[in-house]
Each structure stands twice: as structure tokens, then as C-alpha cells.
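Okay, input-v6.cif is below, mmCIF, C-alpha atoms:
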```cif
data_final
#
loop_
_atom_site.label_atom_id
_atom_site.label_comp_id
_atom_site.auth_asym_id
_atom_site.auth_seq_id
_atom_site.Cartn_x
_atom_site.Cartn_y
_atom_site.Cartn_z
CA MET A 1 61.05 24.15 -91.11
CA THR A 2 59.62 21.59 -88.66
CA PRO A 3 61.91 18.69 -87.80
CA LYS A 4 60.90 15.40 -89.28
CA ASP A 5 59.08 12.94 -87.03
CA PRO A 6 61.71 10.54 -85.59
CA LEU A 7 59.37 7.65 -86.37
CA ASP A 8 59.29 8.65 -90.05
CA VAL A 9 63.07 8.97 -90.03
CA LEU A 10 63.34 5.46 -88.64
CA LEU A 11 60.78 4.10 -91.08
CA ASP A 12 62.69 5.72 -93.96
CA ARG A 13 65.87 4.02 -92.82
CA TRP A 14 64.21 0.60 -92.84
CA ASN A 15 65.27 -0.45 -96.31
CA PRO A 16 65.97 -4.16 -96.14
CA ALA A 17 67.79 -5.81 -99.02
CA TYR A 18 65.07 -6.91 -101.40
CA PRO A 19 64.75 -10.65 -101.96
CA ASP A 20 66.13 -11.79 -105.27
CA THR A 21 63.41 -11.65 -107.93
CA SER A 22 65.37 -13.38 -110.68
CA GLY A 23 63.46 -16.36 -112.00
CA LEU A 24 60.21 -15.10 -110.46
CA GLN A 25 58.50 -14.97 -113.85
CA ARG A 26 59.57 -18.52 -114.63
CA ASP A 27 58.32 -19.65 -111.22
CA ILE A 28 54.97 -17.94 -111.77
CA TRP A 29 54.48 -19.50 -115.20
CA ARG A 30 55.44 -22.91 -113.83
CA ARG A 31 52.77 -22.54 -111.14
CA ILE A 32 50.19 -21.36 -113.69
CA ALA A 33 50.94 -24.38 -115.86
CA ALA A 34 50.53 -26.64 -112.83
CA VAL A 35 47.14 -25.24 -111.86
CA ARG A 36 45.87 -24.57 -115.39
CA PRO A 37 42.34 -26.00 -115.46
CA SER A 38 41.34 -28.92 -117.63
CA ILE A 39 39.34 -28.42 -120.79
CA LEU A 40 36.18 -29.39 -118.90
CA ALA A 41 36.89 -26.85 -116.17
CA GLN A 42 37.60 -24.22 -118.81
CA LEU A 43 34.28 -24.99 -120.46
CA VAL A 44 32.52 -24.68 -117.12
CA ALA A 45 34.28 -21.37 -116.56
CA TRP A 46 33.17 -20.15 -119.98
CA PHE A 47 29.59 -21.15 -119.27
CA ARG A 48 29.67 -19.23 -116.01
CA ARG A 49 29.95 -16.08 -118.07
CA PRO A 50 26.43 -14.78 -118.69
CA ALA A 51 27.37 -13.36 -122.09
CA PHE A 52 28.81 -16.66 -123.29
CA SER A 53 25.86 -18.64 -121.91
CA LEU A 54 23.41 -16.33 -123.62
CA LEU A 55 25.35 -16.51 -126.87
CA PHE A 56 25.46 -20.30 -126.68
CA VAL A 57 21.74 -20.61 -125.96
CA ALA A 58 20.94 -18.15 -128.75
CA SER A 59 23.19 -20.05 -131.17
CA CYS A 60 21.53 -23.35 -130.24
CA ALA A 61 18.08 -21.83 -130.66
CA LEU A 62 19.06 -20.41 -134.05
CA ALA A 63 20.54 -23.74 -135.12
CA VAL A 64 17.38 -25.59 -134.08
CA LEU A 65 15.25 -23.03 -135.89
CA ALA A 66 17.41 -23.33 -138.99
CA VAL A 67 17.15 -27.13 -138.98
CA PHE A 68 13.41 -26.92 -138.37
CA GLU A 69 13.04 -24.38 -141.16
CA TRP A 70 15.09 -26.52 -143.52
CA HIS A 71 13.04 -29.58 -142.61
CA GLU A 72 9.80 -27.68 -143.08
CA ALA A 73 10.94 -26.34 -146.43
CA ARG A 74 11.91 -29.85 -147.51
CA LEU A 75 8.54 -31.24 -146.46
CA GLN A 76 6.80 -28.36 -148.15
CA ARG A 77 8.73 -29.02 -151.35
CA GLN A 78 7.67 -32.66 -151.24
CA VAL A 79 4.06 -31.74 -150.57
CA ASN A 80 4.08 -29.18 -153.35
CA ALA A 81 5.62 -31.65 -155.74
CA GLU A 82 2.93 -34.18 -154.92
CA LEU A 83 0.21 -31.54 -155.27
CA ALA A 84 1.65 -30.49 -158.59
CA ARG A 85 1.69 -34.12 -159.77
CA GLN A 86 -1.93 -34.55 -158.76
CA TYR A 87 -2.86 -31.30 -160.44
CA LEU A 88 -1.05 -32.25 -163.61
CA ARG A 89 -3.01 -35.49 -163.69
CA VAL A 90 -6.14 -33.37 -163.60
CA ILE A 91 -5.16 -31.08 -166.45
CA ASP A 92 -3.06 -33.40 -168.58
CA PRO A 93 -4.75 -36.55 -169.91
CA VAL A 94 -1.37 -37.92 -170.92
CA LEU A 95 -0.49 -38.24 -167.25
CA GLY A 96 -3.75 -39.69 -166.00
CA ALA A 97 -7.53 -39.74 -166.11
CA PRO A 98 -9.18 -36.33 -165.79
CA SER A 99 -11.30 -35.87 -162.70
CA GLY A 100 -15.01 -35.72 -162.89
CA SER A 101 -16.76 -32.46 -162.14
CA ASP A 102 -17.69 -33.70 -158.65
CA SER A 103 -14.04 -34.07 -157.60
CA MET A 104 -12.96 -30.75 -159.11
CA ASP A 105 -13.13 -28.96 -155.79
CA ARG A 106 -10.98 -31.62 -154.17
CA GLU A 107 -8.35 -31.26 -156.88
CA LEU A 108 -8.31 -27.49 -156.88
CA VAL A 109 -8.64 -26.72 -153.20
CA TRP A 110 -4.87 -26.98 -152.69
CA MET A 111 -4.40 -24.23 -155.26
CA ARG A 112 -6.85 -22.02 -153.43
CA ASP A 113 -5.02 -22.53 -150.15
CA GLU A 114 -1.48 -22.59 -151.44
CA LEU A 115 -1.76 -19.60 -153.77
CA ARG A 116 -4.24 -17.81 -151.53
CA LEU A 117 -6.75 -17.27 -154.27
CA SER A 118 -9.61 -14.90 -153.63
CA PRO A 119 -13.12 -16.38 -153.89
CA ASP A 120 -13.56 -14.60 -157.21
CA GLN A 121 -10.27 -15.95 -158.59
CA TYR A 122 -11.13 -19.44 -157.39
CA ALA A 123 -14.55 -19.33 -158.99
CA ARG A 124 -13.09 -18.21 -162.33
CA ILE A 125 -10.34 -20.81 -162.22
CA ARG A 126 -12.82 -23.52 -161.31
CA ALA A 127 -15.02 -22.47 -164.23
CA LEU A 128 -12.03 -22.64 -166.60
CA HIS A 129 -11.16 -26.13 -165.41
CA GLU A 130 -14.78 -27.31 -165.67
CA THR A 131 -15.05 -25.94 -169.21
CA LEU A 132 -11.96 -27.80 -170.28
CA ASN A 133 -12.86 -30.88 -168.33
CA ALA A 134 -15.37 -32.06 -170.96
CA GLU A 135 -12.72 -31.72 -173.66
CA LEU A 136 -10.22 -33.61 -171.54
CA VAL A 137 -12.68 -36.39 -170.78
CA ALA A 138 -13.40 -36.78 -174.51
CA LEU A 139 -9.69 -36.91 -175.26
CA GLU A 140 -9.23 -39.52 -172.57
CA LYS A 141 -12.00 -41.64 -174.04
CA GLN A 142 -10.35 -41.51 -177.44
CA ARG A 143 -7.01 -42.40 -175.91
CA LEU A 144 -8.63 -45.35 -174.15
CA ARG A 145 -10.18 -46.55 -177.41
CA VAL A 146 -6.87 -46.26 -179.28
CA ARG A 147 -5.09 -48.10 -176.49
CA GLN A 148 -7.61 -50.95 -176.67
CA GLU A 149 -7.28 -51.18 -180.45
CA THR A 150 -3.49 -51.21 -180.16
CA ALA A 151 -3.71 -53.98 -177.56
CA ALA A 152 -5.98 -55.98 -179.87
CA LEU A 153 -3.46 -55.63 -182.70
CA GLU A 154 -0.67 -56.76 -180.41
CA GLU A 155 -2.71 -59.81 -179.41
CA GLU A 156 -3.31 -60.57 -183.09
CA ARG A 157 0.41 -60.28 -183.81
CA ARG A 158 1.17 -62.77 -181.03
CA THR A 159 -1.47 -65.34 -182.01
CA GLU A 160 -1.40 -65.15 -185.79
CA GLY A 161 2.16 -63.90 -186.30
CA GLN A 162 1.09 -61.05 -188.55
CA ILE A 163 -0.86 -57.76 -188.46
CA ASP A 164 -1.93 -55.01 -190.79
CA PHE A 165 0.87 -52.51 -190.34
CA LEU A 166 -1.05 -49.77 -192.11
CA VAL A 167 -3.76 -50.02 -189.45
CA PHE A 168 -1.10 -50.12 -186.74
CA ALA A 169 0.68 -47.04 -188.15
CA GLY A 170 -2.66 -45.27 -188.32
CA LEU A 171 -3.33 -45.97 -184.65
CA ILE A 172 0.11 -44.68 -183.72
CA LYS A 173 -0.52 -41.49 -185.66
CA ILE A 174 -3.93 -41.03 -183.97
CA ARG A 175 -2.35 -41.53 -180.61
CA GLN A 176 0.35 -38.96 -181.30
CA ASP A 177 -2.28 -36.49 -182.43
CA LEU A 178 -4.26 -37.11 -179.26
CA ASP A 179 -1.18 -36.53 -177.14
CA LEU A 180 -0.47 -33.28 -178.95
CA GLN A 181 -4.06 -32.17 -178.51
CA SER A 182 -3.85 -32.97 -174.82
CA PHE A 183 -0.66 -30.97 -174.55
CA HIS A 184 -2.17 -27.96 -176.25
CA SER A 185 -5.32 -28.22 -174.14
CA MET A 186 -3.26 -28.29 -171.03
CA GLN A 187 -1.17 -25.31 -172.21
CA ARG A 188 -4.34 -23.36 -172.92
CA LEU A 189 -5.74 -24.18 -169.54
CA VAL A 190 -2.53 -23.21 -167.75
CA SER A 191 -2.28 -20.00 -169.71
CA ALA A 192 -5.91 -19.10 -169.04
CA THR A 193 -5.57 -19.96 -165.36
CA ALA A 194 -2.41 -17.88 -165.04
CA THR A 195 -4.10 -14.79 -166.43
CA VAL A 196 -6.59 -14.87 -163.56
CA MET A 197 -3.79 -14.68 -161.00
CA THR A 198 -1.64 -11.90 -159.61
CA PRO A 199 2.02 -11.88 -160.76
CA GLU A 200 3.19 -13.55 -157.53
CA GLN A 201 0.47 -16.21 -157.67
CA ARG A 202 1.26 -16.74 -161.36
CA ARG A 203 4.97 -17.21 -160.65
CA ARG A 204 4.28 -19.85 -158.00
CA TYR A 205 1.60 -21.54 -160.09
CA LEU A 206 3.90 -21.80 -163.10
CA ASP A 207 6.63 -23.20 -160.83
CA TYR A 208 4.26 -26.05 -159.97
CA VAL A 209 3.31 -26.86 -163.56
CA GLN A 210 6.70 -26.00 -165.07
CA ALA A 211 7.56 -29.61 -165.73
CA ALA A 212 4.29 -30.27 -167.53
CA ILE A 213 4.21 -27.18 -169.72
CA SER A 214 7.88 -27.34 -170.69
CA THR A 215 7.90 -30.99 -171.74
CA PRO A 216 6.05 -31.70 -174.97
CA PRO A 217 4.80 -35.27 -175.46
CA GLN A 218 7.49 -37.72 -176.49
CA PRO A 219 7.10 -40.14 -179.40
CA ILE A 220 5.28 -43.25 -178.24
CA ALA A 221 7.51 -46.19 -177.73
CA ASP A 222 4.92 -49.00 -177.56
CA MET B 223 54.55 2.43 -106.46
CA PRO B 224 54.53 2.45 -110.28
CA ALA B 225 51.85 5.03 -111.09
CA CYS B 226 50.75 4.07 -114.59
CA PRO B 227 47.12 2.94 -114.38
CA ALA B 228 46.64 3.33 -118.13
CA THR B 229 49.52 0.96 -118.84
CA ASP B 230 48.16 -1.47 -116.28
CA ARG B 231 44.73 -1.35 -117.89
CA ALA B 232 46.21 -1.88 -121.34
CA ASP B 233 48.17 -4.90 -120.11
CA LEU B 234 45.11 -6.32 -118.34
CA VAL B 235 43.06 -5.96 -121.51
CA ALA B 236 45.84 -7.66 -123.48
CA LEU B 237 46.00 -10.44 -120.89
CA ARG B 238 42.25 -10.97 -121.12
CA ARG B 239 42.56 -11.25 -124.89
CA GLY B 240 45.13 -14.00 -124.52
CA ASP B 241 48.36 -12.02 -124.78
CA GLU B 242 50.18 -13.86 -122.01
CA ILE B 243 53.30 -11.76 -122.42
CA ALA B 244 51.27 -8.95 -120.85
CA LEU B 245 51.53 -10.81 -117.55
CA ASN B 246 55.32 -10.62 -117.78
CA ARG B 247 55.08 -6.86 -118.18
CA LEU B 248 52.81 -6.63 -115.13
CA ILE B 249 55.21 -8.81 -113.15
CA GLU B 250 58.17 -6.65 -114.11
CA ARG B 251 56.29 -3.55 -113.06
CA TRP B 252 54.85 -4.81 -109.80
CA GLU B 253 57.20 -7.48 -108.42
CA ARG B 254 59.37 -5.08 -106.44
CA PRO B 255 56.60 -3.17 -104.64
CA LEU B 256 54.84 -6.42 -103.84
CA ILE B 257 57.97 -8.16 -102.65
CA GLY B 258 58.88 -5.11 -100.58
CA PHE B 259 55.51 -5.16 -98.89
CA ALA B 260 55.51 -8.92 -98.30
CA PHE B 261 59.08 -8.91 -97.02
CA ARG B 262 58.43 -6.12 -94.54
CA TYR B 263 55.19 -7.81 -93.50
CA LEU B 264 56.62 -11.30 -92.98
CA GLY B 265 60.34 -10.65 -92.49
CA ASN B 266 61.14 -13.68 -94.62
CA SER B 267 62.38 -13.49 -98.19
CA ALA B 268 61.35 -17.02 -99.18
CA ASP B 269 57.81 -16.47 -97.93
CA ALA B 270 57.68 -13.05 -99.58
CA ARG B 271 58.76 -14.44 -102.93
CA ASP B 272 56.38 -17.37 -102.64
CA LEU B 273 53.37 -15.20 -101.85
CA VAL B 274 54.16 -12.69 -104.58
CA ALA B 275 54.32 -15.54 -107.09
CA GLU B 276 50.99 -16.81 -105.76
CA THR B 277 49.51 -13.33 -106.12
CA PHE B 278 50.44 -13.21 -109.81
CA VAL B 279 49.07 -16.71 -110.34
CA ARG B 280 45.76 -15.51 -108.89
CA LEU B 281 45.91 -12.42 -111.07
CA TYR B 282 46.26 -14.67 -114.10
CA GLN B 283 43.45 -16.95 -112.97
CA ASN B 284 41.13 -13.99 -112.38
CA ARG B 285 42.14 -12.03 -115.47
CA ASP B 286 38.64 -12.27 -116.95
CA ARG B 287 37.11 -10.49 -113.97
CA PHE B 288 39.00 -7.26 -114.56
CA ASP B 289 37.38 -4.44 -116.45
CA ALA B 290 38.30 -0.88 -117.35
CA GLU B 291 37.37 0.34 -113.88
CA SER B 292 39.43 -2.20 -111.98
CA ASN B 293 42.11 -0.88 -109.65
CA LEU B 294 45.06 -3.18 -110.16
CA PRO B 295 47.24 -1.97 -107.25
CA ALA B 296 44.34 -2.31 -104.83
CA TRP B 297 43.57 -5.80 -106.15
CA LEU B 298 47.21 -6.93 -105.99
CA PHE B 299 47.80 -5.61 -102.48
CA THR B 300 44.45 -6.99 -101.27
CA ALA B 301 45.35 -10.46 -102.51
CA LEU B 302 48.90 -10.24 -101.19
CA ALA B 303 47.86 -8.80 -97.80
CA ASN B 304 45.40 -11.64 -97.31
CA LEU B 305 48.04 -14.17 -98.27
CA CYS B 306 50.50 -12.52 -95.86
CA ARG B 307 47.99 -12.59 -93.01
CA ASN B 308 47.29 -16.28 -93.58
CA ARG B 309 50.99 -17.08 -93.85
CA GLY B 310 51.67 -15.05 -90.71
CA ARG B 311 49.07 -17.06 -88.78
CA TRP B 312 50.55 -20.29 -90.10
CA ASN B 313 54.04 -19.22 -89.10
CA ARG B 314 52.89 -18.31 -85.59
CA ARG B 315 51.28 -21.72 -85.16
CA HIS B 316 54.23 -23.55 -86.74
CA PRO B 317 57.32 -21.65 -85.60
CA THR B 318 60.53 -22.35 -87.48
CA VAL B 319 63.99 -20.81 -87.54
CA GLY B 320 64.09 -18.51 -90.54
CA MET B 321 67.18 -18.34 -92.67
CA ASP B 322 66.84 -14.61 -92.98
CA SER B 323 67.35 -13.95 -89.30
CA SER B 324 70.67 -15.72 -89.25
CA GLU B 325 71.84 -14.85 -92.74
CA ASN B 326 70.64 -11.38 -93.46
CA GLY B 327 70.81 -10.03 -89.96
CA ALA B 328 74.27 -11.28 -89.08
CA SER B 329 75.79 -10.64 -92.46
CA ALA B 330 74.27 -7.19 -92.65
CA VAL B 331 75.53 -6.28 -89.22
CA SER B 332 78.99 -7.62 -89.89
CA ALA B 333 79.05 -5.91 -93.26
CA GLN B 334 78.12 -2.64 -91.65
CA LEU B 335 80.63 -3.03 -88.85
CA CYS B 336 83.42 -3.85 -91.25
CA SER B 337 82.60 -1.03 -93.59
CA ASP B 338 84.43 2.24 -93.87
CA GLU B 339 81.74 4.14 -92.01
CA PRO B 340 83.19 6.82 -89.73
CA ASP B 341 81.36 5.67 -86.61
CA PRO B 342 80.67 1.93 -86.37
CA ARG B 343 79.17 2.35 -82.90
CA ALA B 344 76.56 4.81 -84.17
CA LYS B 345 75.89 2.55 -87.11
CA LEU B 346 75.39 -0.43 -84.82
CA GLN B 347 73.01 1.57 -82.67
CA GLN B 348 71.08 2.57 -85.74
CA MET B 349 70.81 -1.04 -86.84
CA GLU B 350 69.57 -2.05 -83.44
CA MET B 351 66.88 0.58 -83.73
CA ILE B 352 65.87 -0.80 -87.12
CA GLU B 353 65.77 -4.32 -85.70
CA ALA B 354 63.52 -3.02 -82.96
CA LEU B 355 61.37 -1.34 -85.57
CA GLU B 356 61.07 -4.65 -87.49
CA LYS B 357 59.91 -6.40 -84.34
CA ALA B 358 57.48 -3.61 -83.48
CA VAL B 359 56.01 -3.68 -86.98
CA ALA B 360 55.76 -7.48 -86.84
CA ALA B 361 53.83 -7.16 -83.59
CA LEU B 362 51.21 -4.85 -85.12
CA PRO B 363 47.79 -6.31 -85.91
CA HIS B 364 47.15 -7.09 -89.59
CA ASP B 365 45.06 -3.99 -90.35
CA LEU B 366 47.48 -1.57 -88.70
CA LYS B 367 50.54 -3.22 -90.23
CA THR B 368 49.04 -3.27 -93.72
CA THR B 369 47.93 0.34 -93.41
CA LEU B 370 51.35 1.49 -92.27
CA LEU B 371 53.30 -0.44 -94.90
CA LEU B 372 51.05 0.53 -97.81
CA CYS B 373 50.95 4.16 -96.76
CA HIS B 374 54.60 4.72 -95.88
CA TYR B 375 56.40 2.46 -98.36
CA GLU B 376 54.03 1.85 -101.28
CA ARG B 377 52.58 5.38 -101.22
CA LEU B 378 49.02 4.14 -101.74
CA SER B 379 46.33 6.72 -101.10
CA HIS B 380 44.03 6.32 -98.12
CA ARG B 381 41.25 5.54 -100.56
CA GLU B 382 43.26 2.69 -102.14
CA ILE B 383 44.24 1.30 -98.75
CA GLY B 384 40.58 1.50 -97.80
CA VAL B 385 39.79 -0.74 -100.80
CA VAL B 386 42.47 -3.19 -99.71
CA LEU B 387 41.23 -3.38 -96.13
CA GLY B 388 37.57 -2.85 -96.87
CA CYS B 389 37.05 0.30 -94.83
CA SER B 390 36.61 4.05 -95.26
CA GLU B 391 39.33 6.67 -95.71
CA ARG B 392 38.58 7.93 -92.22
CA GLY B 393 39.01 4.40 -90.94
CA ILE B 394 42.40 4.26 -92.59
CA GLU B 395 43.43 7.53 -90.95
CA THR B 396 42.44 6.08 -87.59
CA ARG B 397 44.36 2.87 -88.23
CA LEU B 398 47.43 4.80 -89.33
CA ARG B 399 47.35 6.94 -86.20
CA ARG B 400 46.95 3.89 -83.99
CA ALA B 401 49.77 2.08 -85.78
CA ARG B 402 52.12 4.99 -85.27
CA GLN B 403 51.10 5.35 -81.63
CA GLN B 404 51.78 1.68 -81.01
CA LEU B 405 55.12 1.86 -82.80
CA ARG B 406 56.17 4.90 -80.80
CA ALA B 407 55.22 3.16 -77.58
CA ASP B 408 57.03 -0.06 -78.51
CA LEU B 409 60.12 1.67 -79.83
CA GLY B 410 60.32 3.97 -76.84
CA LEU B 411 60.56 0.90 -74.63
CA SER B 412 63.03 -0.76 -76.93
CA LEU B 413 65.23 2.27 -77.33
CA SER B 414 65.36 2.91 -73.63
CA THR B 415 66.71 -0.55 -72.88
#
```
Structure re-expressed in C-alpha cells:
Amino acid sequence: MTPKDPLDVLLDRWNPAYPDTSGLQRDIWRRIAAVRPSILAQLVAWFRRPAFSLLFVASCALAVLAVFEWHEARLQRQVNAELARQYLRVIDPVLGAPSGSDSMDRELVWMRDELRLSPDQYARIRALHETLNAELVALEKQRLRVRQETAALEEERRTEGQIDFLVFAGLIKIRQDLDLQSFHSMQRLVSATATVMTPEQRRRYLDYVQAAISTPPQPIAD
Amino acid sequence: MPACPATDRADLVALRRGDEIALNRLIERWERPLIGFAFRYLGNSADARDLVAETFVRLYQNRDRFDAESNLPAWLFTALANLCRNRGRWNRRHPTVGMDSSENGASAVSAQLCSDEPDPRAKLQQMEMIEALEKAVAALPHDLKTTLLLCHYERLSHREIGVVLGCSERGIETRLRRARQQLRADLGLSLST
């Protein structure tokens, strides 16, 4: 056995009394509390991490996209509602004057774009609307005549203090019949138009006209 | 040196996740080796304790930088060795009378001389040799001193010491040989007087 190196022997003997470590943990935590960074510094430290920065940027981008998407959807809903209102005025004389044949394209072009109708579908739908347009115009004329007669009776009631209520009741009945005819015409048109479409187009189309086809004409108040 | 890298890694992971008690476990495990190193390096218990506390503060502040591959002992001794070098420079430029030299040295010598040891003269001679060793170690350059202390007392591998000092294993062997040569030379002079 080789004798141990005297230097190693001496080094082994150098075992100084260790400094007291009691309270070291408390001292360390006190120092950590003293140098603990502010919230701003902590945020900066977080943003120095590539993963956190990427996550933050991605979250912001997603949030912006979500807001944009929500805004777009809201605008689209408004546009669709307005288009539907315009369309309903075209097909329902109760809501407004039917368009002439010359403005038919203008009134139906939204449907072509929105529902992505094929040229063939569009042509058939346009033909359906043109066919019914004459009937709707006639109904509108009758409604206009009844409205004028009712106004004349009202004027008579105001000036002379009396009217022929049998005539008045007859006008009311005619007007109700006209409204019902308009409703049925519109239902027929919607039904015929829907049959030209694919199921998906039909679902979206019926969503637009839902309000009109589900609400029968109310009794006339005036 | 506490050889439980898996436990260290687990505690570091816990510390990163916000379990601050994990730092207490790391302190309990590493305070003695670190204090031993710092005390032998600086020869001053107050400085040693101060720098070890600072090392753990830095460990806490840098907890997010550790990953599964991190070598905790190498990191701790690197931080502490750098702190010791800086404190040593400061102490050389701002010399003060340390309490340890008067308290520990005198009390230790008197305690040894008054003990029931069979040969107080031999004991005294041995203590003088150890005092000479302390001075010789203190006179070593930073790299040689750190290499010697980490190798002989903390049982770090040459590879780990290489990480601490930023050099190769062969470089560590060279530094260790030079440190021992210098100690032998210095102690030979001291012992002969």
C-alpha cells in the first residue's frame, strides 16, 4: 500500500468549524422579498419569454379575429334583414308596392349572390317572380282603390257626420280578402321558389322570408 | 456533495411551478457544501454566509432558466465562485481585521491546547501546519483555488469543475497539478521555518 500524499493528509485535516447556518433560510427569503421585482418588471420578464410572447400575440390575433368575425356577422345579419325586407316588399303587396318587371333583376340579384344560385336556377326563379308579378300588381291596384274608397268614406263621416256602414263594412271585407289573397300568392311564390333551390339554399331562403310566411295578415284596424 | 440530481431536478421543477418551499429543500441540501467552499475560499464566516445567501437568491431569481438538463451543482458553485472572487478582490482592496482570525483561531488553538490530547505540542504543530495551509490556499489564484477546493472537498468531477471554470477536463487536471505544486512549494517553506 502506497503511503498517502502528505499534502492530501494535510488537506484532509483542514476541517474548519462550519459557520452557523441557522436562520440562513430566513435571511435568504428576506433578501428575495427585498429584491422581488415589481409587477411591471415581472410583466417585462414574462414577455421576454418567447413562448409567452408568442402565446400573447396569438391570443391578441385570435381576439381581434373573433371581434372582427362577430362584427362582420352582425353587419351581415343587418344586411340580410334589410335584403329580406326589400324582398318581402317585392313578393308581398301587403308590405309595399310590387316592383315592375324592369326592376325585377335589381330586386332578385341579392338572392342570386347570397344563395349562390346557378344561372338556370336564377332564370327559373326570375320567371316565377315575373309570372306572379302581374297578379301582385293587380292586387295592389285593387288595394289602392279600396284604400281610396275608404278614405272617401272617412272624409264623408267627418264632413256630414254620417256614412253608410253597410258600404264601409263591405270595403273592410274586400280589403281583408285582398290581404288574404296577397298572403296566399306570396306563400305560393315562396313555395315555388323554394322548390327550385337545393336544400341548403332553401333553408337560407326560408330563413329570410320566415317572418313573412309565418305571419298571416292581421285584421285591419283602420 | 449531495449526489441526488433527480431530487434536485424535481425541486427545481417544483420551484419553477411556484412551489417556493422547494427552495427551502434545496437550501437544506446545499447550504453546507456551499458554505464549506466559501469559507475555505474566503476564510471568513460572515462573508461565506452572506455569499451563500446571495447565491440562493440568484438561484431563485433565475429559476425559470433551469431545464431538465441543467446541472445544479455546477450552476451553484459557478455563481458562488464568482461571488467569492469578487469579494476576495474587494477584501484585498479594502483590508479589514476579520473577526474569524481573532475568534476562531485563538479560541480553537486554546481549546486544542487545553484539551485532553496526549501531546499538546504535536497538536500545536499540526495546527500551525493547517494555518500555513490556509494561507497557502488563500494565496492561490482563483482558478487554482476553486479547482482544488471543488475537487478535494466537494468531490466534483473534473467535468463539473470544468463547467464552473469554463474550461476542459484536461485544463482542470493541469490546474489541479499546478495548485498542488504551488501548495507543496509554499508549505515546504512554511514548514521549514
So what do you get for CA of His380 in chain B versus CA of Ala296 in chain B, distance-wise? 10.9 Å
Could the residues of chain B within 6 Å of chain A, counting all atoms listed in the file, be given as a PyMOL selection string, please? chain B and resi 267+275+279
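Among B:Leu245, B:Leu366, B:Ala270, B:Leu294, the residue with the shortest atom-to-atom distance to Gly393 in chain B, counting only C-alpha atoms, is B:Leu366.
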Residue members of the PyMOL selection byres ((chain B and resi 238) around 10) in the file shown, as a PyMOL selection string: chain B and resi 232-237+239-242+244-245+282+284-289
Atoms kept (C-alpha atoms) for selection, written as a compact mmCIF listing (two decimals), in the coordinates of the input:
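Just written: result.txt:
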```txt
# COMPACT_ATOMS: atom_id res chain seq x y z
CA ALA B 232 46.21 -1.88 -121.34
CA ASP B 233 48.17 -4.90 -120.11
CA LEU B 234 45.11 -6.32 -118.34
CA VAL B 235 43.06 -5.96 -121.51
CA ALA B 236 45.84 -7.66 -123.48
CA LEU B 237 46.00 -10.44 -120.89
CA ARG B 239 42.56 -11.25 -124.89
CA GLY B 240 45.13 -14.00 -124.52
CA ASP B 241 48.36 -12.02 -124.78
CA GLU B 242 50.18 -13.86 -122.01
CA ALA B 244 51.27 -8.95 -120.85
CA LEU B 245 51.53 -10.81 -117.55
CA TYR B 282 46.26 -14.67 -114.10
CA ASN B 284 41.13 -13.99 -112.38
CA ARG B 285 42.14 -12.03 -115.47
CA ASP B 286 38.64 -12.27 -116.95
CA ARG B 287 37.11 -10.49 -113.97
CA PHE B 288 39.00 -7.26 -114.56
CA ASP B 289 37.38 -4.44 -116.45
```
Do you have the CA of Glu82 in chain A-CA of Asp105 in chain A distance handy? 16.9 Å
Taking into account all atoms listed in the file, which residue in the set A:Val209, A:Leu40, A:Ala73, A:Val146 is nearest to Gly170 in chain A?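 Smallest separation from Gly170 in chain A among the options: A:Val146.
Between CA of Leu136 in chain A and CA of Ser118 in chain A there is a distance of 25.9 Å.
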Output check: residues returned by the PyMOL selection byres ((chain A and resi 188) around 12), as a short mmCIF file (atom, residue, chain, number, x, y, z; two decimals) with C-alpha atoms, keeping the file's coordinate frame:
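Saved result, out18.cif, follows:
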```
data_model
loop_
_atom_site.label_atom_id
_atom_site.label_comp_id
_atom_site.auth_asym_id
_atom_site.auth_seq_id
_atom_site.Cartn_x
_atom_site.Cartn_y
_atom_site.Cartn_z
CA ILE A 91 -5.16 -31.08 -166.45
CA ASP A 92 -3.06 -33.40 -168.58
CA LEU A 128 -12.03 -22.64 -166.60
CA HIS A 129 -11.16 -26.13 -165.41
CA THR A 131 -15.05 -25.94 -169.21
CA LEU A 132 -11.96 -27.80 -170.28
CA GLU A 135 -12.72 -31.72 -173.66
CA LEU A 136 -10.22 -33.61 -171.54
CA GLN A 181 -4.06 -32.17 -178.51
CA SER A 182 -3.85 -32.97 -174.82
CA PHE A 183 -0.66 -30.97 -174.55
CA HIS A 184 -2.17 -27.96 -176.25
CA SER A 185 -5.32 -28.22 -174.14
CA MET A 186 -3.26 -28.29 -171.03
CA GLN A 187 -1.17 -25.31 -172.21
CA LEU A 189 -5.74 -24.18 -169.54
CA VAL A 190 -2.53 -23.21 -167.75
CA SER A 191 -2.28 -20.00 -169.71
CA ALA A 192 -5.91 -19.10 -169.04
CA THR A 193 -5.57 -19.96 -165.36
CA ALA A 194 -2.41 -17.88 -165.04
CA THR A 195 -4.10 -14.79 -166.43
CA ILE A 213 4.21 -27.18 -169.72
#
```
Let me know the residues the PyMOL selection byres ((chain B and resi 360) around 12) catches in the file above, as a ChimeraX atom specification. /B:260-266,306-307,310-311,314,353-359,361-368,370-371,401,404-405,408
Nearest candidate to Arg116 in chain A (options A:Ala66, A:Ala41, A:Met197, A:Leu153; using all atoms listed in the file):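 Closest to Arg116 in chain A of all the choices is A:Met197.
The residue that comes closest to Leu387 in chain B, out of B:Met349, B:Leu302, B:Ile243, B:Ile257 and on the basis of all atoms listed in the file, is B:Leu302.
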Taking into account only C-alpha atoms, which residue in the set A:Val196, A:Ala169, A:Leu206, A:Ile39 is nearest to Leu88 in chain A?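 Looking at the shortest contact to Leu88 in chain A, the residue is A:Leu206.
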What box, with edges along x, y and z, holds each listed atom of range 186-197 of chain A when 4 Å is added on every side, and can you state its centre and edge lengths in Å to one decimal, as lines of an AutoDock Vina configuration file?
```
center_x = -3.9
center_y = -21.5
center_z = -167.0
size_x = 13.4
size_y = 21.6
size_z = 19.9
```
